[in-house]
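A.B. asks: Pasting upload16.cif below, which is mmCIF, C-alpha atoms.
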data_work
loop_
_atom_site.label_atom_id
_atom_site.label_comp_id
_atom_site.auth_asym_id
_atom_site.auth_seq_id
_atom_site.Cartn_x
_atom_site.Cartn_y
_atom_site.Cartn_z
CA MET A 1 0.00 0.00 0.00
CA SER A 2 1.40 3.41 -0.95
CA HIS A 3 1.54 6.33 1.49
CA VAL A 4 0.50 9.64 -0.05
CA LEU A 5 2.40 12.50 1.52
CA SER A 6 0.46 15.43 2.88
CA PRO A 7 1.85 18.90 2.08
CA HIS A 8 2.14 19.22 5.87
CA ALA A 9 4.62 16.34 6.16
CA ALA A 10 8.34 16.74 6.86
CA LEU A 11 11.32 14.42 6.62
CA ILE A 12 13.80 14.23 9.50
CA VAL A 13 17.14 12.61 8.61
CA VAL A 14 18.87 11.65 11.84
CA ASP A 15 22.67 11.62 12.25
CA VAL A 16 23.78 10.19 8.90
CA GLN A 17 27.45 10.88 9.63
CA PRO A 18 30.69 9.01 8.85
CA ASP A 19 31.39 8.11 12.49
CA PHE A 20 28.24 5.94 12.45
CA MET A 21 29.31 4.02 9.35
CA PRO A 22 31.20 0.69 9.34
CA GLY A 23 34.79 1.50 10.26
CA GLY A 24 33.69 4.66 12.07
CA ALA A 25 34.09 5.50 15.74
CA LEU A 26 30.59 4.26 16.64
CA ALA A 27 29.65 1.98 13.76
CA CYS A 28 26.01 1.07 13.31
CA HIS A 29 25.05 -2.30 11.89
CA GLU A 30 25.09 -1.85 8.08
CA GLY A 31 24.92 1.92 8.57
CA ASP A 32 26.32 2.58 5.11
CA ALA A 33 23.47 0.62 3.48
CA ILE A 34 21.04 3.53 3.89
CA VAL A 35 23.22 6.17 2.22
CA PRO A 36 22.08 5.59 -1.41
CA GLY A 37 18.42 5.48 -0.41
CA VAL A 38 18.61 8.64 1.69
CA ASP A 39 20.37 10.39 -1.18
CA GLN A 40 17.68 9.26 -3.62
CA LEU A 41 14.88 10.37 -1.31
CA LEU A 42 16.39 13.83 -0.85
CA ARG A 43 16.96 14.20 -4.59
CA SER A 44 13.32 13.29 -5.25
CA ARG A 45 12.15 16.50 -3.52
CA ILE A 46 8.85 14.86 -2.56
CA PHE A 47 8.97 16.41 0.93
CA ARG A 48 8.22 20.10 1.24
CA HIS A 49 10.39 20.34 4.35
CA VAL A 50 13.56 18.38 5.12
CA VAL A 51 15.60 18.62 8.33
CA ALA A 52 18.80 16.83 9.27
CA THR A 53 20.11 16.31 12.77
CA GLN A 54 23.84 16.21 13.42
CA ASP A 55 25.57 14.79 16.48
CA TRP A 56 28.05 17.52 17.44
CA HIS A 57 29.97 16.71 20.61
CA PRO A 58 32.70 18.70 22.33
CA ARG A 59 35.74 16.68 23.34
CA GLY A 60 35.38 15.20 26.81
CA HIS A 61 31.61 14.88 26.47
CA VAL A 62 29.87 13.27 29.45
CA SER A 63 28.54 10.42 27.27
CA PHE A 64 32.04 9.28 26.26
CA ALA A 65 33.42 6.28 28.13
CA SER A 66 36.81 8.00 28.01
CA SER A 67 35.39 10.71 30.31
CA HIS A 68 34.80 8.11 33.05
CA PRO A 69 38.04 6.44 34.20
CA GLY A 70 37.66 2.72 34.71
CA ARG A 71 34.55 2.50 32.53
CA ALA A 72 34.29 0.88 29.10
CA ALA A 73 32.26 1.76 26.02
CA PHE A 74 28.67 0.47 26.08
CA GLU A 75 28.61 0.21 29.88
CA GLN A 76 25.65 1.90 31.53
CA ILE A 77 25.82 4.35 34.41
CA SER A 78 23.31 6.56 36.20
CA LEU A 79 23.46 10.20 35.13
CA TYR A 80 21.07 12.78 36.63
CA GLY A 81 19.00 9.86 37.90
CA GLN A 82 18.58 8.32 34.44
CA PRO A 83 20.37 5.42 32.71
CA GLN A 84 23.20 6.62 30.49
CA THR A 85 25.05 4.42 28.00
CA LEU A 86 28.72 5.27 27.68
CA TRP A 87 29.79 5.53 24.06
CA PRO A 88 33.11 5.51 22.24
CA ASP A 89 34.29 9.04 21.46
CA HIS A 90 32.38 10.01 18.32
CA CYS A 91 31.18 12.96 16.25
CA ALA A 92 33.63 15.38 17.84
CA GLN A 93 32.98 18.89 16.62
CA ASP A 94 34.83 19.94 13.45
CA THR A 95 36.13 16.45 12.66
CA PRO A 96 35.43 14.55 9.41
CA GLY A 97 33.48 11.88 11.30
CA ALA A 98 30.98 14.49 12.49
CA GLU A 99 30.17 15.93 9.06
CA LEU A 100 26.95 15.12 7.26
CA HIS A 101 27.75 12.17 5.02
CA PRO A 102 29.57 13.43 1.90
CA ALA A 103 27.94 10.89 -0.44
CA ILE A 104 24.51 12.45 0.05
CA ASP A 105 23.25 15.52 -1.81
CA TRP A 106 22.05 17.68 1.06
CA SER A 107 20.85 20.58 -1.09
CA ALA A 108 17.21 19.81 -0.25
CA LEU A 109 17.78 20.60 3.43
CA ASP A 110 15.85 23.43 5.04
CA ALA A 111 17.64 23.21 8.37
CA VAL A 112 20.29 21.32 10.36
CA ILE A 113 19.75 20.70 14.06
CA ARG A 114 23.06 20.14 15.87
CA LYS A 115 22.66 18.21 19.10
CA GLY A 116 24.87 16.94 21.90
CA SER A 117 26.91 20.13 22.07
CA ASP A 118 26.34 20.59 25.81
CA PRO A 119 29.34 18.80 27.38
CA GLY A 120 27.27 17.67 30.36
CA VAL A 121 24.12 16.36 28.64
CA ASP A 122 23.68 13.66 26.01
CA SER A 123 21.24 14.16 23.15
CA TYR A 124 19.50 11.39 21.22
CA SER A 125 16.28 12.97 19.96
CA GLY A 126 16.17 15.68 17.34
CA PHE A 127 13.53 17.43 19.43
CA ARG A 128 14.91 17.43 22.97
CA GLU A 129 18.17 16.83 24.78
CA ASN A 130 18.34 13.91 27.21
CA HIS A 131 17.67 14.44 30.89
CA GLY A 132 20.01 16.99 32.41
CA PRO A 133 20.50 18.45 35.87
CA GLY A 134 17.13 18.80 37.55
CA GLY A 135 15.56 16.29 35.20
CA ALA A 136 14.86 18.79 32.43
CA ARG A 137 14.95 17.88 28.72
CA PRO A 138 15.71 21.15 26.94
CA SER A 139 14.19 21.72 23.51
CA THR A 140 16.35 21.87 20.39
CA GLY A 141 13.84 24.22 18.77
CA LEU A 142 12.84 21.68 16.11
CA ALA A 143 9.21 21.35 17.22
CA GLY A 144 8.65 25.09 17.02
CA TRP A 145 10.40 25.29 13.65
CA LEU A 146 8.07 22.61 12.25
CA ARG A 147 4.92 24.17 13.69
CA GLU A 148 5.81 27.55 12.19
CA ARG A 149 5.67 25.78 8.80
CA ASP A 150 2.35 24.04 9.52
CA VAL A 151 3.95 20.59 9.69
CA ASP A 152 1.81 18.04 11.52
CA GLU A 153 3.37 14.76 10.34
CA VAL A 154 7.00 13.65 10.37
CA PHE A 155 8.86 10.78 8.72
CA VAL A 156 12.05 9.81 10.49
CA CYS A 157 15.04 7.93 9.06
CA GLY A 158 18.77 7.63 9.73
CA LEU A 159 20.98 6.35 12.54
CA ALA A 160 20.69 4.70 14.85
CA ARG A 161 17.26 3.10 14.64
CA ASP A 162 17.36 1.80 18.22
CA VAL A 163 18.58 5.07 19.76
CA CYS A 164 18.42 8.50 18.10
CA VAL A 165 15.89 7.62 15.38
CA LEU A 166 13.60 5.92 17.89
CA TRP A 167 13.83 8.76 20.41
CA THR A 168 13.14 11.32 17.66
CA ALA A 169 10.01 9.48 16.51
CA GLN A 170 8.81 9.02 20.09
CA ASP A 171 9.33 12.69 20.93
CA ALA A 172 7.56 13.74 17.73
CA LEU A 173 4.52 11.76 18.81
CA GLU A 174 4.66 13.07 22.37
CA LEU A 175 4.90 16.64 21.10
CA GLY A 176 1.77 16.29 18.99
CA PHE A 177 3.00 15.25 15.53
CA ARG A 178 1.93 12.14 13.66
CA ALA A 179 5.10 10.06 13.47
CA ARG A 180 6.29 7.49 10.93
CA LEU A 181 9.59 5.63 10.82
CA LEU A 182 11.19 4.71 7.49
CA TRP A 183 12.47 1.26 8.41
CA ASP A 184 14.47 0.61 5.23
CA LEU A 185 16.31 3.93 5.58
CA SER A 186 17.40 3.32 9.15
CA ARG A 187 19.81 0.92 10.82
CA PRO A 188 20.45 0.05 14.50
CA VAL A 189 23.62 0.03 16.55
CA THR A 190 23.00 -3.69 16.82
CA SER A 191 20.46 -5.79 14.92
CA ALA A 192 19.62 -7.63 18.15
CA SER A 193 17.52 -4.58 19.09
CA ASP A 194 15.16 -4.73 16.10
CA GLU A 195 12.42 -6.78 17.74
CA THR A 196 12.35 -4.49 20.76
CA THR A 197 12.29 -1.40 18.53
CA ARG A 198 9.39 -2.72 16.45
CA ALA A 199 7.45 -3.56 19.60
CA ALA A 200 8.01 -0.06 21.02
CA LEU A 201 6.86 1.60 17.79
CA GLN A 202 3.77 -0.55 17.49
CA ALA A 203 2.81 -0.05 21.14
CA GLN A 204 2.93 3.72 20.68
CA GLY A 205 1.17 3.81 17.32
CA ILE A 206 4.18 4.97 15.32
CA ALA A 207 3.77 3.54 11.84
CA ILE A 208 6.59 1.67 10.13
CA VAL A 209 6.77 2.74 6.48
CA GLU A 210 8.98 1.76 3.54
CA SER A 211 10.41 4.64 1.51
CA ALA A 212 9.45 3.04 -1.82
CA ARG A 213 5.78 3.41 -0.80
CA LEU A 214 5.95 7.19 -0.49
CA THR A 215 4.21 9.26 -3.14
CA ALA A 216 3.54 12.98 -3.37
CA ILE A 217 0.07 14.46 -3.84
#
What would you get if you wrote out this structure as structure tokens?

C.D. replies:
Amino acid sequence: MSHVLSPHAALIVVDVQPDFMPGGALACHEGDAIVPGVDQLLRSRIFRHVVATQDWHPRGHVSFASSHPGRAAFEQISLYGQPQTLWPDHCAQDTPGAELHPAIDWSALDAVIRKGSDPGVDSYSGFRENHGPGGARPSTGLAGWLRERDVDEVFVCGLARDVCVLWTAQDALELGFRARLLWDLSRPVTSASDETTRAALQAQGIAIVESARLTAI
């Protein structure tokens, strides 16, 4: 079944950056497999609005395992009363691994949301930072930007499906947007998470859509 795009729909491309590709600092499972499809979708210009998010960490970021002596990457700690995964150093500001992927034509972009630039707070979602001191989740400004353009439905793709893509879709729904996830144009950190991710999306009513089914009005 095809999905006809409303003129009030937007595409959010999450963290398609070299550090998340095979061989990168924080490689996602088959992360490079989505690059041609994302490029094709952006070149198609079927979305009126397109936003990319970009992980953009200062060195010594709190989410890096290297910032916690004696801890290893992928261990979990408590940070501000919430679980925090410790990651390999990745997407350091002004490094090649943090750039938007060079094999994609980004000329269709309307905006880039850089996230994770606060050294003391991690940031998965394109809409809000993770929990910080006092439990707050500060806004990135994306929700307001979309509302100013009368967007009420978002399609999310990118990396990683089980972390930043999932959180972005969940926040979109919580903030009042209809949310869809483009499964074929996303990949997880680890494929072992796919069943859990599907279950979370289905439980919350976030539709799983294939990019080939998208058509413009």

A.B. asks: Would you mind reading off the distance between atom CA of A:Thr85 and atom CA of A:Cys28, one decimal, in Å?

C.D. replies: 15.1 Å

A.B. asks: Please identify all polymer residues within 9 Å of A:Leu159, counting all atoms listed in the file, omitting same-chain residues fewer than 3 positions from it, and present them as a list of chain:residue names.

C.D. replies: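 My reading of the contact set: A:Val13, A:Val14, A:Asp15, A:Val16, A:Gln17, A:Phe20, A:Cys28, A:Gly31, A:Asp162, A:Val163, A:Cys164, A:Val165, A:Leu185, A:Ser186, A:Arg187, A:Pro188, A:Val189.
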
A.B. asks: Point out the residue among A:Ala179, A:Ala212, A:Pro88, A:Gly158 with the least atom-to-atom distance to A:His29, counting only C-alpha atoms.

C.D. replies: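 Closest residue, counting only C-alpha atoms: A:Gly158.
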
A.B. asks: Which residue, A:Ala172, A:His131, A:Ser191, A:Ile113, has the smallest gap to A:Gly81 when you use all atoms listed in the file?

C.D. replies: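 For A:Gly81, the nearest of the given residues is A:His131.
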
A.B. asks: Could you state which residues are captured by the PyMOL selection byres ((chain A and resi 181) around 10) in this file, as a VMD selection string?

C.D. replies: chain A and resid 11 to 12 154 to 158 161 165 to 166 168 to 170 179 to 180 182 to 186 201 206 to 211

A.B. asks: Between atom CA of A:Gln54 and atom CA of A:Arg114, what distance in Å does the model show, to one decimal?

C.D. replies: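 Computing it gives 4.7 Å between the two atoms.
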
A.B. asks: Nearest to A:Trp145 among A:Val50, A:Val62, A:Pro7, A:Leu26, with distances taken over all atoms listed in the file: which residue is it?

C.D. replies: A:Val50

A.B. asks: The PyMOL selection byres ((chain A and resi 64) around 10) - which residues does that actually catch in the file I just gave you? List them as a list in words.

C.D. replies: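 In the shown coordinates, the PyMOL selection byres ((chain A and resi 64) around 10) covers His57, Arg59, Gly60, His61, Val62, Ser63, Ala65, Ser66, Ser67, His68, Arg71, Ala72, Ala73, Phe74, Thr85, Leu86, Trp87, Pro88, Asp89, His90, Pro119 and Asp122 of chain A.
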
A.B. asks: May I ask which of the residues A:Ala108, A:Ala27, A:Leu173, A:Ala33 is the closest one to A:Arg48, counting all atoms listed in the file?

C.D. replies: A:Ala108

A.B. asks: Interatomic distance between atom CA of A:Ala92 and atom CA of A:Ser107?

C.D. replies: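 Rounded to one decimal, the two atoms are 23.4 Å apart.
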
A.B. asks: What are the centre and the three edge lengths of an axis-aligned box that wraps all atoms of stretch 67-80 of chain A in the file, given that 4 Å is added to every side, written as AutoDock Vina command-line options and rounded to one decimal in Å?

C.D. replies:
--center_x 29.6 --center_y 6.5 --center_z 31.3 --size_x 25.0 --size_y 20.6 --size_z 18.6

A.B. asks: Give the answer as one residue: which of A:Pro83, A:Pro69, A:Pro58, A:Gly23 has the shortest atom-to-atom distance to A:Gly116, using all atoms listed in the file?

C.D. replies: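 Residue with the minimum atom-to-atom distance to A:Gly116: A:Pro58.
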
A.B. asks: Residues picked by the PyMOL selection byres ((chain A and resi 110) around 8) here, as a PyMOL selection string?

C.D. replies: chain A and resi 49-51+108-109+111-112

A.B. asks: Ranking A:Arg213, A:His3, A:His101, A:His8 by minimum distance to A:Ile34 and counting all atoms listed in the file, which one comes first?

C.D. replies: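 The shortest atom-to-atom distance to A:Ile34 comes from A:His101.
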
A.B. asks: What lies within 8 Å of A:Tyr80 using all atoms listed in the file, ignoring chain neighbours under 3 positions off, as a PyMOL selection string?

C.D. replies: chain A and resi 131-135

A.B. asks: Contacts of A:Ala143 at 12 Å or less, counting all atoms listed in the file, minus same-chain residues fewer than 4 places along, as a PyMOL selection string?

C.D. replies: chain A and resi 10+12+51+113+125-128+138-139+147-154+168-169+171-177
